[in-house]
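Novice: my_file.txt (compact mmCIF, C-alpha atoms and all ligand atoms) pasted underneath:
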# COMPACT_ATOMS: atom_id res chain seq x y z
CA MET A 1 3.26 6.45 -33.68
CA ILE A 2 3.29 5.68 -29.98
CA ASN A 3 0.64 4.94 -27.39
CA GLU A 4 -0.40 8.43 -26.28
CA LYS A 5 -1.89 7.16 -23.02
CA MET A 6 1.43 5.57 -22.07
CA TYR A 7 3.26 8.71 -23.18
CA ALA A 8 1.08 10.80 -20.89
CA LEU A 9 1.79 8.47 -17.94
CA GLY A 10 5.53 8.67 -18.56
CA ALA A 11 5.57 12.41 -19.18
CA ALA A 12 3.72 13.26 -15.96
CA PRO A 13 5.02 11.16 -13.07
CA SER A 14 2.80 10.82 -9.98
CA ALA A 15 2.43 13.83 -7.65
CA ILE A 16 4.37 11.88 -5.00
CA ARG A 17 7.29 11.13 -7.32
CA GLN A 18 7.36 14.73 -8.60
CA LEU A 19 7.58 16.06 -5.06
CA PHE A 20 10.29 13.53 -4.17
CA ALA A 21 12.31 14.61 -7.24
CA TYR A 22 11.84 18.27 -6.29
CA GLY A 23 13.09 17.42 -2.76
CA LEU A 24 16.26 15.79 -4.10
CA GLY A 25 17.03 18.91 -6.16
CA ARG A 26 16.23 21.24 -3.29
CA LYS A 27 18.44 19.26 -0.87
CA ALA A 28 21.35 19.56 -3.33
CA GLU A 29 20.74 23.33 -3.48
CA ILE A 30 20.33 24.26 0.19
CA GLY A 31 21.47 21.20 2.17
CA ALA A 32 19.67 17.98 3.09
CA ASP A 33 19.08 19.06 6.70
CA LYS A 34 17.08 22.11 5.59
CA VAL A 35 14.48 20.23 3.56
CA PHE A 36 11.72 18.28 5.35
CA ASP A 37 10.77 15.68 2.81
CA PHE A 38 7.62 13.81 3.86
CA SER A 39 6.71 12.78 0.32
CA LEU A 40 7.62 9.12 -0.18
CA GLY A 41 6.81 5.85 1.61
CA ASN A 42 10.44 4.74 1.68
CA PRO A 43 11.00 3.07 5.10
CA SER A 44 13.60 4.77 7.29
CA VAL A 45 14.01 1.68 9.49
CA PRO A 46 16.90 -0.51 8.24
CA ALA A 47 16.11 -4.04 7.07
CA PRO A 48 16.67 -6.54 9.91
CA PRO A 49 20.25 -7.95 10.14
CA GLN A 50 19.01 -11.42 9.14
CA ILE A 51 18.54 -10.10 5.59
CA ALA A 52 22.21 -9.14 5.13
CA GLU A 53 23.29 -12.46 6.70
CA ALA A 54 21.07 -14.40 4.31
CA ILE A 55 22.42 -12.47 1.32
CA ARG A 56 26.02 -13.20 2.41
CA GLU A 57 25.26 -16.89 2.85
CA LEU A 58 23.39 -17.11 -0.45
CA SER A 59 26.18 -15.38 -2.36
CA GLU A 60 28.25 -18.57 -1.91
CA LEU A 61 25.74 -20.63 -3.92
CA PRO A 62 26.52 -21.66 -7.51
CA ALA A 63 25.47 -18.99 -10.00
CA ASP A 64 22.58 -20.98 -11.50
CA LYS A 65 20.99 -21.41 -8.05
CA LEU A 66 21.54 -17.76 -7.20
CA HIS A 67 20.68 -16.06 -10.47
CA GLY A 68 18.74 -18.62 -12.52
CA TYR A 69 15.04 -18.53 -13.35
CA THR A 70 12.62 -20.14 -10.93
CA PRO A 71 9.19 -21.36 -12.12
CA SER A 72 7.01 -18.43 -13.24
CA GLN A 73 4.97 -18.49 -10.01
CA GLY A 74 8.11 -18.65 -7.84
CA SER A 75 10.12 -21.40 -6.21
CA ALA A 76 8.00 -24.17 -4.66
CA SER A 77 10.08 -24.21 -1.46
CA THR A 78 9.67 -20.44 -0.91
CA ARG A 79 5.94 -20.63 -1.54
CA ALA A 80 5.61 -23.57 0.87
CA ILE A 81 7.38 -21.63 3.64
CA ILE A 82 5.15 -18.59 3.09
CA ALA A 83 2.04 -20.81 3.15
CA ASP A 84 3.18 -22.44 6.43
CA ASP A 85 3.74 -19.02 7.96
CA LEU A 86 0.28 -17.81 6.89
CA ASN A 87 -1.32 -20.98 8.28
CA GLU A 88 0.42 -20.46 11.62
CA ARG A 89 -0.73 -16.87 11.85
CA PHE A 90 -4.18 -16.93 10.30
CA GLY A 91 -5.24 -20.55 9.67
CA GLY A 92 -6.78 -20.96 6.23
CA GLY A 93 -5.17 -24.24 5.11
CA TYR A 94 -3.01 -22.56 2.46
CA SER A 95 -0.48 -24.42 0.31
CA ALA A 96 2.36 -23.46 -2.01
CA ASP A 97 -0.06 -23.81 -4.93
CA ASP A 98 -2.17 -20.90 -3.64
CA LEU A 99 0.71 -18.44 -3.95
CA TYR A 100 2.10 -16.51 -6.91
CA LEU A 101 5.29 -14.60 -6.08
CA THR A 102 5.61 -11.13 -7.55
CA MET A 103 7.78 -8.03 -7.85
CA GLY A 104 6.03 -6.35 -4.88
CA ALA A 105 2.46 -5.37 -4.11
CA ALA A 106 2.33 -3.14 -7.20
CA ALA A 107 2.74 -6.16 -9.48
CA SER A 108 0.35 -8.18 -7.27
CA LEU A 109 -2.40 -5.58 -7.65
CA ASP A 110 -1.91 -5.16 -11.38
CA ILE A 111 -2.06 -8.95 -11.77
CA CYS A 112 -5.26 -9.28 -9.71
CA ILE A 113 -7.01 -6.47 -11.61
CA ASN A 114 -6.13 -8.10 -14.93
CA ALA A 115 -7.00 -11.60 -13.71
CA LEU A 116 -10.49 -10.62 -12.52
CA THR A 117 -11.70 -8.18 -15.19
CA VAL A 118 -12.25 -7.65 -18.89
CA PRO A 119 -12.45 -4.21 -20.53
CA GLY A 120 -15.72 -2.47 -19.66
CA ASP A 121 -15.88 -3.99 -16.15
CA GLU A 122 -15.75 -1.91 -12.97
CA VAL A 123 -13.52 -1.98 -9.89
CA ILE A 124 -14.43 0.00 -6.76
CA VAL A 125 -11.77 1.91 -4.82
CA ILE A 126 -12.30 3.46 -1.37
CA ALA A 127 -11.20 7.11 -1.36
CA PRO A 128 -8.79 8.41 -0.32
CA TYR A 129 -6.88 5.67 -2.18
CA PHE A 130 -3.32 4.89 -3.32
CA PRO A 131 -3.18 6.85 -6.61
CA GLU A 132 -1.70 4.03 -8.69
CA TYR A 133 -4.92 1.99 -8.31
CA ARG A 134 -6.69 4.24 -10.80
CA MET A 135 -3.83 3.95 -13.27
CA TRP A 136 -3.69 0.13 -13.15
CA ILE A 137 -7.49 -0.17 -13.37
CA GLU A 138 -7.83 2.23 -16.29
CA ALA A 139 -4.82 0.73 -18.11
CA ALA A 140 -6.77 -2.56 -18.08
CA GLY A 141 -9.68 -0.79 -19.86
CA VAL A 142 -11.71 -1.00 -16.67
CA ARG A 143 -13.76 1.76 -15.00
CA CYS A 144 -12.42 2.95 -11.66
CA VAL A 145 -15.43 3.67 -9.44
CA GLN A 146 -14.63 5.81 -6.44
CA VAL A 147 -16.56 5.44 -3.17
CA ASN A 148 -15.57 7.81 -0.40
CA ALA A 149 -14.72 6.45 3.04
CA ARG A 150 -16.99 7.50 5.94
CA GLU A 151 -16.32 11.12 6.84
CA SER A 152 -16.55 10.45 10.58
CA ASP A 153 -13.79 7.84 10.90
CA PHE A 154 -12.51 6.99 7.39
CA GLN A 155 -13.77 3.42 7.70
CA ILE A 156 -15.44 1.84 4.65
CA ASP A 157 -18.91 3.22 3.92
CA ALA A 158 -20.59 -0.12 3.19
CA PRO A 159 -24.00 1.34 2.17
CA ALA A 160 -22.20 3.67 -0.27
CA VAL A 161 -20.35 0.67 -1.73
CA ALA A 162 -23.71 -1.12 -2.10
CA ALA A 163 -25.09 1.90 -3.98
CA ALA A 164 -22.09 1.95 -6.36
CA ILE A 165 -22.27 -1.73 -7.36
CA THR A 166 -23.55 -2.58 -10.85
CA GLU A 167 -23.69 -5.81 -12.82
CA ARG A 168 -20.20 -4.92 -14.16
CA THR A 169 -18.59 -4.67 -10.69
CA ARG A 170 -15.91 -7.32 -10.38
CA ALA A 171 -13.85 -6.27 -7.35
CA VAL A 172 -13.34 -3.81 -4.50
CA ILE A 173 -9.80 -2.84 -3.51
CA VAL A 174 -9.37 -2.65 0.26
CA ASN A 175 -6.14 -1.32 1.81
CA SER A 176 -5.66 -1.75 5.55
CA PRO A 177 -3.60 -0.44 7.32
CA ASN A 178 -4.33 2.35 4.94
CA ASN A 179 -2.21 4.61 2.79
CA PRO A 180 -2.81 7.59 3.00
CA VAL A 181 -5.02 7.87 6.12
CA GLY A 182 -3.42 5.30 8.45
CA THR A 183 -6.80 3.71 9.27
CA VAL A 184 -7.08 0.02 10.13
CA PHE A 185 -10.48 -1.22 8.98
CA SER A 186 -12.19 -2.94 11.92
CA ARG A 187 -13.47 -6.51 11.77
CA GLU A 188 -17.04 -5.16 12.14
CA ASN A 189 -16.53 -2.72 9.28
CA LEU A 190 -15.12 -5.45 7.01
CA ALA A 191 -18.02 -7.72 8.00
CA GLU A 192 -20.46 -5.00 6.87
CA LEU A 193 -18.66 -4.81 3.54
CA ALA A 194 -18.68 -8.62 3.29
CA GLU A 195 -22.44 -8.65 3.78
CA VAL A 196 -22.93 -6.10 1.00
CA LEU A 197 -20.63 -7.99 -1.38
CA SER A 198 -22.19 -11.38 -0.64
CA ALA A 199 -25.67 -10.02 -1.39
CA ALA A 200 -24.50 -8.28 -4.57
CA SER A 201 -22.59 -11.36 -5.75
CA GLU A 202 -25.75 -13.39 -5.30
CA ALA A 203 -27.78 -10.82 -7.26
CA ASN A 204 -25.15 -10.60 -10.02
CA GLY A 205 -24.86 -14.40 -10.25
CA GLU A 206 -21.06 -14.22 -9.93
CA PRO A 207 -18.59 -13.24 -7.23
CA ILE A 208 -17.47 -9.71 -6.52
CA TYR A 209 -13.97 -10.15 -5.11
CA ILE A 210 -12.07 -8.17 -2.51
CA ILE A 211 -8.51 -7.40 -3.57
CA SER A 212 -6.87 -6.87 -0.18
CA ASP A 213 -3.75 -4.71 -0.53
CA GLU A 214 -1.68 -5.39 2.59
CA PRO A 215 1.91 -4.10 2.39
CA TYR A 216 1.42 -2.42 5.80
CA ARG A 217 -0.17 -5.48 7.49
CA GLU A 218 2.33 -5.61 10.37
CA LEU A 219 2.67 -1.83 10.81
CA ASN A 220 -0.27 -1.61 13.19
CA TYR A 221 -0.30 0.44 16.42
CA THR A 222 -3.72 -0.58 17.75
CA GLY A 223 -2.43 -3.43 19.93
CA GLU A 224 -4.65 -5.83 17.95
CA PRO A 225 -3.55 -7.72 14.82
CA THR A 226 -4.82 -6.37 11.51
CA PRO A 227 -8.02 -8.33 10.70
CA TRP A 228 -7.33 -11.13 8.18
CA VAL A 229 -9.72 -10.29 5.36
CA PRO A 230 -10.10 -13.82 3.86
CA SER A 231 -11.45 -15.02 7.23
CA ILE A 232 -14.22 -12.39 6.95
CA TYR A 233 -14.89 -12.61 3.19
CA PRO A 234 -13.65 -15.82 1.54
CA ASN A 235 -13.66 -14.35 -2.00
CA THR A 236 -10.56 -12.31 -1.17
CA LEU A 237 -7.29 -12.21 -3.10
CA VAL A 238 -4.46 -10.99 -0.87
CA CYS A 239 -1.69 -8.78 -2.27
CA TYR A 240 1.34 -8.56 0.01
CA SER A 241 4.94 -7.41 -0.12
CA TRP A 242 7.89 -7.13 2.23
CA SER A 243 8.59 -3.57 1.00
CA LYS A 244 7.41 -1.95 4.23
CA SER A 245 7.45 -4.70 6.91
CA LEU A 246 11.09 -5.70 6.28
CA SER A 247 12.13 -2.40 4.62
CA LEU A 248 12.88 -4.02 1.25
CA PRO A 249 11.06 -1.73 -1.22
CA GLY A 250 13.84 -1.77 -3.79
CA GLU A 251 14.09 -5.56 -3.86
CA ARG A 252 10.62 -5.97 -5.39
CA ILE A 253 9.33 -9.06 -3.65
CA GLY A 254 5.75 -9.94 -2.71
CA TYR A 255 2.90 -12.29 -3.59
CA VAL A 256 -0.71 -12.87 -4.55
CA LEU A 257 -2.61 -15.39 -2.40
CA VAL A 258 -5.68 -17.16 -3.80
CA GLY A 259 -6.89 -19.33 -0.92
CA PRO A 260 -8.87 -22.57 -1.27
CA ASP A 261 -12.06 -20.84 -0.05
CA VAL A 262 -12.18 -18.50 -3.07
CA THR A 263 -14.98 -19.56 -5.41
CA ASP A 264 -13.46 -21.56 -8.32
CA SER A 265 -10.09 -21.05 -6.64
CA ARG A 266 -8.10 -23.10 -9.20
CA ARG A 267 -9.50 -21.14 -12.13
CA VAL A 268 -8.86 -17.84 -10.33
CA TYR A 269 -5.31 -18.92 -9.42
CA LEU A 270 -4.61 -19.89 -13.04
CA ALA A 271 -6.02 -16.52 -14.18
CA VAL A 272 -3.53 -14.90 -11.77
CA CYS A 273 -0.74 -16.99 -13.35
CA GLY A 274 -2.00 -15.98 -16.80
CA ALA A 275 -2.15 -12.28 -15.92
CA GLY A 276 1.37 -12.53 -14.50
CA ARG A 277 2.48 -14.08 -17.78
CA ALA A 278 0.65 -11.56 -19.97
CA LEU A 279 2.04 -8.60 -18.03
CA GLY A 280 5.58 -10.02 -17.91
CA TYR A 281 5.57 -10.41 -14.12
CA ILE A 282 7.05 -13.88 -14.06
CA CYS A 283 9.74 -15.30 -11.83
CA ALA A 284 10.10 -12.77 -9.00
CA PRO A 285 13.77 -11.96 -8.17
CA THR A 286 15.42 -15.31 -7.39
CA LEU A 287 17.83 -13.98 -4.77
CA PHE A 288 15.04 -12.35 -2.79
CA GLN A 289 12.79 -15.38 -3.05
CA ALA A 290 15.60 -17.25 -1.29
CA VAL A 291 16.13 -14.44 1.22
CA ILE A 292 12.43 -14.48 2.17
CA GLU A 293 12.56 -18.27 2.49
CA ARG A 294 15.27 -17.83 5.15
CA CYS A 295 13.88 -14.68 6.82
CA ILE A 296 10.13 -15.27 6.91
CA LYS A 297 10.21 -15.02 10.71
CA ALA A 298 12.44 -11.91 10.84
CA PRO A 299 10.95 -9.47 13.34
CA VAL A 300 9.14 -6.39 12.06
CA ASP A 301 10.50 -3.33 13.86
CA VAL A 302 7.78 -0.70 14.40
CA GLU A 303 9.43 1.14 17.32
CA ALA A 304 10.90 3.94 15.21
CA TYR A 305 7.51 4.58 13.57
CA VAL A 306 5.81 4.57 16.97
CA ALA A 307 8.25 7.25 18.17
CA ASN A 308 7.90 9.29 14.96
CA ARG A 309 4.14 9.10 15.12
CA LYS A 310 4.09 10.36 18.69
CA THR A 311 6.50 13.26 18.10
CA LEU A 312 4.63 14.30 14.96
CA THR A 313 1.09 14.06 16.34
CA ASP A 314 2.01 15.70 19.67
CA GLY A 315 3.82 18.52 17.86
CA LEU A 316 1.12 19.18 15.26
CA ALA A 317 -1.71 18.97 17.83
CA GLU A 318 0.04 21.59 19.95
CA LEU A 319 0.33 23.87 16.93
CA GLY A 320 -3.40 23.49 16.23
CA TYR A 321 -3.36 21.20 13.18
CA GLU A 322 -6.26 18.78 12.70
CA PHE A 323 -5.46 15.24 11.62
CA ILE A 324 -6.68 11.64 11.76
CA GLU A 325 -4.94 9.68 14.53
CA PRO A 326 -3.12 6.95 12.56
CA GLN A 327 -3.74 3.35 13.63
CA GLY A 328 -1.24 1.83 11.21
CA ALA A 329 1.12 2.31 8.22
CA PHE A 330 3.38 5.39 8.44
CA TYR A 331 1.30 8.27 7.10
CA LEU A 332 -0.51 11.14 8.79
CA TRP A 333 -3.58 12.63 7.09
CA VAL A 334 -3.71 16.30 7.97
CA LYS A 335 -6.44 18.83 7.19
CA ALA A 336 -5.11 21.52 4.85
CA LEU A 337 -5.41 25.05 6.25
CA GLU A 338 -7.30 26.16 3.14
CA PRO A 339 -9.77 24.28 0.91
CA ASP A 340 -7.29 23.93 -1.97
CA ALA A 341 -4.83 21.20 -0.89
CA GLN A 342 -2.44 21.96 -3.75
CA ALA A 343 -2.30 25.65 -2.81
CA PHE A 344 -1.67 24.67 0.81
CA ALA A 345 1.09 22.22 -0.19
CA ASP A 346 2.66 24.97 -2.31
CA ARG A 347 2.72 27.32 0.67
CA ALA A 348 4.22 24.52 2.81
CA LYS A 349 6.90 24.08 0.15
CA ALA A 350 8.01 27.67 0.70
CA HIS A 351 8.83 26.54 4.28
CA GLU A 352 10.72 23.52 2.85
CA LEU A 353 7.93 21.19 4.01
CA LEU A 354 7.17 18.62 1.32
CA LEU A 355 3.60 17.41 1.89
CA VAL A 356 1.56 15.48 -0.69
CA PRO A 357 -1.75 17.21 -1.55
CA SER A 358 -4.80 14.95 -1.27
CA ASP A 359 -6.12 15.49 -4.81
CA SER A 360 -4.28 12.54 -6.35
CA PHE A 361 -5.74 10.33 -3.59
CA GLY A 362 -9.18 11.23 -4.93
CA VAL A 363 -10.31 13.86 -2.40
CA GLY A 364 -9.68 17.56 -1.76
CA GLY A 365 -8.70 19.48 1.36
CA TRP A 366 -6.03 17.30 3.00
CA VAL A 367 -2.30 16.56 2.80
CA ARG A 368 -0.36 13.38 3.52
CA ILE A 369 2.76 13.39 5.68
CA GLY A 370 4.91 10.26 5.31
CA TYR A 371 6.59 9.85 8.72
CA CYS A 372 8.90 7.00 7.70
CA VAL A 373 11.79 9.46 7.99
CA ALA A 374 14.65 9.95 10.47
CA HIS A 375 13.28 11.13 13.82
CA ASP A 376 15.36 14.34 13.58
CA VAL A 377 13.53 15.36 10.41
CA ILE A 378 10.29 15.47 12.40
CA VAL A 379 11.80 17.29 15.36
CA ASN A 380 13.56 19.84 13.15
CA SER A 381 10.49 20.43 10.99
CA MET A 382 8.34 21.76 13.84
CA PRO A 383 9.42 25.43 13.50
CA ALA A 384 8.46 25.25 9.81
CA PHE A 385 5.03 23.81 10.67
CA LYS A 386 4.65 26.59 13.24
CA ALA A 387 5.55 29.29 10.71
CA LEU A 388 3.12 27.78 8.20
CA MET A 389 0.30 27.80 10.77
CA GLU A 390 1.08 31.40 11.68
CA GLU A 391 0.76 32.42 8.06
CA TYR A 392 -2.89 31.35 8.16
CA ARG A 393 -3.76 33.03 11.49
N1 LIG B 1 -0.15 -0.43 -2.14
C1 LIG B 1 0.02 0.61 -1.30
C2 LIG B 1 -1.15 1.07 -0.50
C3 LIG B 1 1.26 1.25 -1.18
O1 LIG B 1 1.40 2.27 -0.34
C4 LIG B 1 2.33 0.78 -1.98
C5 LIG B 1 3.63 1.44 -1.95
O2 LIG B 1 3.86 2.46 -1.34
C6 LIG B 1 2.10 -0.30 -2.84
C7 LIG B 1 0.85 -0.87 -2.89
C8 LIG B 1 3.19 -0.85 -3.69
O3 LIG B 1 4.11 -1.52 -2.88
P1 LIG B 1 5.34 -2.35 -3.44
O4 LIG B 1 6.58 -1.60 -3.13
O5 LIG B 1 5.32 -3.63 -2.67
O6 LIG B 1 5.14 -2.57 -4.88
In structure tokens, how does this file's structure come out?
Ligand code: PLP
Specialist:
Amino acid sequence: MINEKMYALGAAPSAIRQLFAYGLGRKAEIGADKVFDFSLGNPSVPAPPQIAEAIRELSELPADKLHGYTPSQGSASTRAIIADDLNERFGGGYSADDLYLTMGAAASLDICINALTVPGDEVIVIAPYFPEYRMWIEAAGVRCVQVNARESDFQIDAPAVAAAITERTRAVIVNSPNNPVGTVFSRENLAELAEVLSAASEANGEPIYIISDEPYRELNYTGEPTPWVPSIYPNTLVCYSWSKSLSLPGERIGYVLVGPDVTDSRRVYLAVCGAGRALGYICAPTLFQAVIERCIKAPVDVEAYVANRKTLTDGLAELGYEFIEPQGAFYLWVKALEPDAQAFADRAKAHELLLVPSDSFGVGGWVRIGYCVAHDVIVNSMPAFKALMEEYR
């Protein structure tokens, strides 16, 4: 006897992972330069040189310092340095005791969902959404309530969120800069959401939290910093990782922040610690805690993504594709050339273009192009995009 739900999750990997696996096989068959794999959010920019230097330096430390356990919530010195950095950038009066270090944003989100809910509760996601949200929410026995973003600009539809709230609503997951659309939610838009959530919290007699998923925080092309959600809505738990900003996705390092302005912040923080414990997400990788401690100020290099974004959007616009101009992250949300996104992605595949259909993000009719690839992949893919467009003319 096994858990059939877990079996089903293992037996059918996510659409993104399936496409990535297909791409690896196809590259082995016909050559890597002939396959245009836009499936995965694996950064193409190398990690900054400070990371390798820190690893070299740290490798001289005695084994217990390098490989030993830290406290479950992470080393106090690393958490203090992260808190100082957040205070410098955003204010907020954070301390080491507001931070729980994790194995990336995935673990942070899973922890927050489990810390804030009990089975039967509801968590709202804004569609299109990162597909794993639904899995984590439902695995916690919680109902995933989908609210579509505004059709006009893919910002949050605050009145639609208000209409979806019930007395079982415990949280709304907000992801900005956004995967898959590339939107950055404006301060005004977040303020509208905050107003809705404050009123509903009051009516429910308990807080509805924002879980702010921010692995793309620094990948923002608007010229303005990404709005800091806790400064707009205090009942916000921030989930961060260095997977994208410092190109460290395989190192599994991130955090949950429960600031002092969160209602009952100590109880919420301890619930985060408890969820981390219950889920087995304790003691984030020791080496990378120490690396982050040394590299917290390492510069985030967005130049390659800026160039990729321009080449891709200029090229696709010229060919007649419709898409949402991305303000951040490294994804382009493109209108499929037929209503069935999966059928469109299948036809793209025949041109060796690996595009993720929008269905697993909760909506039909679009595909996601991950442009965190080598610039040449974009340049060389244009004839394939042209041929695909011509097929539909
Ligand atoms: N949230 C979003 C929106 C993502 O795109 C990703 C990864 O692609 C994650 C969370 C998980 O990130 P991490 O690698 O830090 O676990």
Novice: With distances taken over only C-alpha atoms and all ligand atoms, which residue among A:Glu53, A:Glu132, A:Glu390, A:Glu4 lies nearest ligand LIG 1 (chain B)?
Specialist: A:Glu132
Novice: Pick out the residues no farther than 9 Å from ligand LIG 1 (chain B), counting only C-alpha atoms and all ligand atoms, and list them as a PyMOL selection string.
Specialist: chain A and resi 40-42+102-109+129-133+175-180+213-216+239-244+248-254+329
Novice: Could you dump the residues just selected with C-alpha atoms as an mmCIF file, in the coordinates of the input?
Specialist:
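Result saved to part02.cif:
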data_model
loop_
_atom_site.group_PDB
_atom_site.id
_atom_site.type_symbol
_atom_site.label_atom_id
_atom_site.label_comp_id
_atom_site.auth_asym_id
_atom_site.auth_seq_id
_atom_site.Cartn_x
_atom_site.Cartn_y
_atom_site.Cartn_z
ATOM 1 C CA LEU A 40 7.620 9.120 -0.180
ATOM 2 C CA GLY A 41 6.810 5.850 1.610
ATOM 3 C CA ASN A 42 10.440 4.740 1.680
ATOM 4 C CA THR A 102 5.610 -11.130 -7.550
ATOM 5 C CA MET A 103 7.780 -8.030 -7.850
ATOM 6 C CA GLY A 104 6.030 -6.350 -4.880
ATOM 7 C CA ALA A 105 2.460 -5.370 -4.110
ATOM 8 C CA ALA A 106 2.330 -3.140 -7.200
ATOM 9 C CA ALA A 107 2.740 -6.160 -9.480
ATOM 10 C CA SER A 108 0.350 -8.180 -7.270
ATOM 11 C CA LEU A 109 -2.400 -5.580 -7.650
ATOM 12 C CA TYR A 129 -6.880 5.670 -2.180
ATOM 13 C CA PHE A 130 -3.320 4.890 -3.320
ATOM 14 C CA PRO A 131 -3.180 6.850 -6.610
ATOM 15 C CA GLU A 132 -1.700 4.030 -8.690
ATOM 16 C CA TYR A 133 -4.920 1.990 -8.310
ATOM 17 C CA ASN A 175 -6.140 -1.320 1.810
ATOM 18 C CA SER A 176 -5.660 -1.750 5.550
ATOM 19 C CA PRO A 177 -3.600 -0.440 7.320
ATOM 20 C CA ASN A 178 -4.330 2.350 4.940
ATOM 21 C CA ASN A 179 -2.210 4.610 2.790
ATOM 22 C CA PRO A 180 -2.810 7.590 3.000
ATOM 23 C CA ASP A 213 -3.750 -4.710 -0.530
ATOM 24 C CA GLU A 214 -1.680 -5.390 2.590
ATOM 25 C CA PRO A 215 1.910 -4.100 2.390
ATOM 26 C CA TYR A 216 1.420 -2.420 5.800
ATOM 27 C CA CYS A 239 -1.690 -8.780 -2.270
ATOM 28 C CA TYR A 240 1.340 -8.560 0.010
ATOM 29 C CA SER A 241 4.940 -7.410 -0.120
ATOM 30 C CA TRP A 242 7.890 -7.130 2.230
ATOM 31 C CA SER A 243 8.590 -3.570 1.000
ATOM 32 C CA LYS A 244 7.410 -1.950 4.230
ATOM 33 C CA LEU A 248 12.880 -4.020 1.250
ATOM 34 C CA PRO A 249 11.060 -1.730 -1.220
ATOM 35 C CA GLY A 250 13.840 -1.770 -3.790
ATOM 36 C CA GLU A 251 14.090 -5.560 -3.860
ATOM 37 C CA ARG A 252 10.620 -5.970 -5.390
ATOM 38 C CA ILE A 253 9.330 -9.060 -3.650
ATOM 39 C CA GLY A 254 5.750 -9.940 -2.710
ATOM 40 C CA ALA A 329 1.120 2.310 8.220
#
Novice: Quick one: distance from atom CA of A:Phe38 to atom CA of A:Gly370 in Å, one decimal?
Specialist: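 Between atom CA of A:Phe38 and atom CA of A:Gly370 the gap is 4.7 Å.
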Novice: Using all atoms of stretch 183-190 of chain A listed in the file and a margin of 5 Å per side, can you give the axis-aligned box centre and edge lengths in Å to one decimal, as lines of an AutoDock Vina configuration file?
Specialist:
center_x = -11.9
center_y = -1.4
center_z = 9.6
size_x = 20.2
size_y = 20.2
size_z = 15.1
Novice: Do you know which residues are at most 10 Å from A:Ser14 counting only C-alpha atoms, after dropping those on the same chain fewer than 4 positions away, and could you put them as a VMD selection string?
Specialist: chain A and resid 9 to 10 18 to 20 131 to 132 360
Novice: Take the residues that were just selected and, keeping C-alpha atoms, output them as an mmCIF file, keeping the file's coordinate frame.
Specialist:
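Okay, again.cif is ready:
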data_model
loop_
_atom_site.group_PDB
_atom_site.id
_atom_site.type_symbol
_atom_site.label_atom_id
_atom_site.label_comp_id
_atom_site.auth_asym_id
_atom_site.auth_seq_id
_atom_site.Cartn_x
_atom_site.Cartn_y
_atom_site.Cartn_z
ATOM 1 C CA LEU A 9 1.790 8.470 -17.940
ATOM 2 C CA GLY A 10 5.530 8.670 -18.560
ATOM 3 C CA GLN A 18 7.360 14.730 -8.600
ATOM 4 C CA LEU A 19 7.580 16.060 -5.060
ATOM 5 C CA PHE A 20 10.290 13.530 -4.170
ATOM 6 C CA PRO A 131 -3.180 6.850 -6.610
ATOM 7 C CA GLU A 132 -1.700 4.030 -8.690
ATOM 8 C CA SER A 360 -4.280 12.540 -6.350
#
Novice: Kindly assemble as JSON lines a list of the stretch 199-291 of chain A residues that lie within 12 Å of stretch 152-168 of chain A, each paired with its nearest atom pair and their distance in Å to one decimal, using all atoms listed in the file, sorted first by chain and then by ascending residue number.
Specialist:
{"residue": "A:Ala199", "atom": "CA", "partner": "A:Ala162", "partner_atom": "CA", "distance": 9.1}
{"residue": "A:Ala200", "atom": "CA", "partner": "A:Ile165", "partner_atom": "CA", "distance": 7.5}
{"residue": "A:Ser201", "atom": "CA", "partner": "A:Glu167", "partner_atom": "CA", "distance": 9.1}
{"residue": "A:Glu202", "atom": "CA", "partner": "A:Glu167", "partner_atom": "CA", "distance": 10.9}
{"residue": "A:Ala203", "atom": "CA", "partner": "A:Glu167", "partner_atom": "CA", "distance": 8.5}
{"residue": "A:Asn204", "atom": "CA", "partner": "A:Glu167", "partner_atom": "CA", "distance": 5.7}
{"residue": "A:Gly205", "atom": "CA", "partner": "A:Glu167", "partner_atom": "CA", "distance": 9.0}
{"residue": "A:Glu206", "atom": "CA", "partner": "A:Glu167", "partner_atom": "CA", "distance": 9.3}
{"residue": "A:Pro207", "atom": "CA", "partner": "A:Glu167", "partner_atom": "CA", "distance": 10.6}
{"residue": "A:Ile208", "atom": "CA", "partner": "A:Ile165", "partner_atom": "CA", "distance": 9.4}
Novice: Would you mind telling me which residue in A:Thr236, A:Gln50, A:Ile16, A:Arg393 lies nearest to A:Ser358 when using all atoms listed in the file?
Specialist: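 Ranked by minimum distance to A:Ser358, first place goes to A:Ile16.
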Novice: So the first atom is atom CA of A:Cys112 and the second is atom CA of A:Val363; what is the distance between them in Å, to one decimal place?
Specialist: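 Distance between the two atoms: 24.8 Å.
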Novice: Between atom CA of A:Arg89 and atom CA of A:Ala127, measure the distance and give it in Å to one decimal.
Specialist: 29.3 Å
Novice: Which polymer residues have any atom within 8 Å of an atom of A:Thr313, counting all atoms listed in the file, with same-chain residues fewer than 4 positions away left out, as a JSON list (two decimals) with C-alpha atoms, in the frame of the given file?
Specialist:
[["chain", "number", "residue", "atom", "x", "y", "z"],
["A", 309, "ARG", "CA", 4.14, 9.10, 15.12],
["A", 317, "ALA", "CA", -1.71, 18.97, 17.83],
["A", 325, "GLU", "CA", -4.94, 9.68, 14.53]]
Novice: Within 9 Å of stretch 66-86 of chain A, which residues of stretch 290-356 of chain A come that close, and what is the closest atom pair and distance in Å for each? Count only C-alpha atoms and give it as a tab-separated table.
Specialist:
residue	atom	partner	partner_atom	distance
A:Ala290	CA	A:Thr78	CA	6.7
A:Ile292	CA	A:Thr78	CA	7.3
A:Glu293	CA	A:Thr78	CA	5.0
A:Arg294	CA	A:Thr78	CA	8.7
A:Ile296	CA	A:Ile82	CA	7.1
A:Lys297	CA	A:Asp85	CA	8.1
